[in-house]
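To start, the structure itself, in structure tokens.
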Amino acid sequence: MTTLGITINGRAYGPMEVRDELTMNDFLREMLGMTGTKFGCGAAQCLSCAVIIDNPDGTSYTSPTCIVPAASFDGKAIRTVEGHAKNGELSVLQKAFIDHFAFQCGYCTPGFLNEGQVLLERLAKTPVARAELEATIAEALDGHICRCTGYIKYHEAVRDVILADPKRYLV
């Protein structure tokens, strides 16, 4: 058993005892009832299970949860797909995903949404040239697998959010 204290979507959990072999995905889904984070391949290859990890310096990145022990998240602040909407209002990126029908079955959507959010936050701090935008989005979303072939629509949704606020994301 390991002691785990974690902040998820701004709310502190723990300290609590968790089994050493308990994955973060199982912790979220089974212990906390946060079922938005999906279990896809079970090998950290599809990234349907990706959550956002927030660093103390204000940067963030995504991490798979299907094979990563919950104990390795001790002391961290993370965001799950449940944390995007505020006061019942979908985020701009969530709305763009809907507008573009950037999902079919929706299983991979949480991972793509979290990765897209990390990209938006990174570009807000370090904008890119318009000429680099397509490659930047493709690179950010690379590695996420959509079994329904929704890649183009995810890409278009992220691009439209960026282009809707070019002063924030582009140089």
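Residue names in the structure tokens use chain letters A, B, ... in the order shown, residue numbers from 1 in each chain, and ligand numbers from 1 in the order shown.
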Hey, what's within 7 Å of segment 158-167 of chain A if we count only C-alpha atoms and toss same-chain stuff fewer than 4 positions away? As a PyMOL selection string, please?
chain A and resi 93+96+116+154
Could you please write out, as an MDAnalysis selection string, every residue of chain A that DSSP assigns to alpha helix (DSSP H)?
chainID A and resid 24:26 92:99 109:125 133:141 151:164 166:169
Residues at most 8 Å from segment 24-26 of chain A, counting only C-alpha atoms, excluding those fewer than 2 positions away in the same chain, as a list in words?
Leu22, Leu28, Arg29, Glu30, Met31, Thr37, Lys38, Phe39, Cys49, Thr65, Cys66, Ile67, Val68, Pro69, Ala70, Ala71 and Phe73 of chain A
Shell of 12 Å around Gly40 of chain A, only C-alpha atoms, local chain residues under 2 positions omitted, as number ranges by chain:
A: 25, 36-38, 42-50, 64-67, 106-111, 144-147
The selected residues should be written to file as a CSV table (one decimal), in the first residue's frame (atoms: C-alpha atoms).
chain,number,residue,atom,x,y,z
A,25,ASN,CA,-7.0,4.9,-14.7
A,36,GLY,CA,-14.6,10.3,-18.5
A,37,THR,CA,-11.0,9.0,-18.7
A,38,LYS,CA,-11.2,5.9,-20.9
A,42,GLY,CA,-4.0,-0.9,-21.9
A,43,ALA,CA,-0.5,-0.4,-23.3
A,44,ALA,CA,-0.3,3.5,-23.3
A,45,GLN,CA,-0.4,3.5,-27.1
A,46,CYS,CA,-3.8,4.9,-28.0
A,47,LEU,CA,-3.8,7.7,-25.3
A,48,SER,CA,-7.5,7.6,-24.8
A,49,CYS,CA,-6.6,7.5,-21.1
A,50,ALA,CA,-4.4,10.7,-21.2
A,64,PRO,CA,-1.3,8.0,-20.0
A,65,THR,CA,-3.1,6.5,-17.0
A,66,CYS,CA,-3.8,2.9,-18.1
A,67,ILE,CA,-0.4,1.5,-17.2
A,106,GLY,CA,-16.3,9.4,-28.6
A,107,TYR,CA,-14.0,6.9,-26.9
A,108,CYS,CA,-10.7,8.7,-27.8
A,109,THR,CA,-12.2,12.2,-27.4
A,110,PRO,CA,-11.0,12.7,-23.8
A,111,GLY,CA,-7.4,12.1,-24.8
A,144,HIS,CA,-3.4,9.6,-30.2
A,145,ILE,CA,-5.3,6.9,-31.9
A,146,CYS,CA,-8.9,7.2,-33.2
A,147,ARG,CA,-10.3,3.9,-34.4
When you draw a straight line from atom CA of Thr126 of chain A to atom CA of Phe97 of chain A, how long is it in Å?
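Interatomic distance here is 23.2 Å.
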Can you pull out the residues contacting Ile152 of chain A? Cut-off 10 Å, using only C-alpha atoms, and skip same-chain residues under 2 positions away; I want them as a list in words.
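Using only C-alpha atoms, the neighbours found are His100, Ala102, Ala138, Thr149, Gly150, Tyr154, His155, Glu156 and Ala157 of chain A.
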Could you give me the residues within chain A that DSSP places in strand (DSSP E), as a list in words?
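Answer for chain A restricted to strand (DSSP E) is Thr2, Thr3, Leu4, Gly5, Ile6, Thr7, Ile8, Arg11, Ala12, Tyr13, Gly14, Pro15, Met16, Glu17, Val18, Val51, Ile52, Ile53, Asp54, Ser60, Tyr61, Thr62, Ser63, Ala77, Ile78 and Arg79 of chain A.
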From the set A:Ile8, A:Val18, A:Leu119, A:Ala129, which residue has the shortest atom-to-atom contact distance to Val81 of chain A, counting only C-alpha atoms?
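Closest to Val81 of chain A, using only C-alpha atoms: A:Ile8.
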Distance of atom CA of Val118 of chain A from atom CA of Thr59 of chain A, expressed in Å to one decimal place
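Spanning atom CA of Thr59 of chain A to atom CA of Val118 of chain A is a straight-line distance of 8.5 Å.
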Provide the atom CA of Pro127 of chain A to atom CA of Gly88 of chain A distance in Å, to one decimal place.
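For atom CA of Pro127 of chain A relative to atom CA of Gly88 of chain A, the distance reads 29.2 Å.
Nearest to Ile78 of chain A of all the residues A:Thr136, A:Asn9, A:Thr2, A:Thr35 is A:Asn9, based on only C-alpha atoms.
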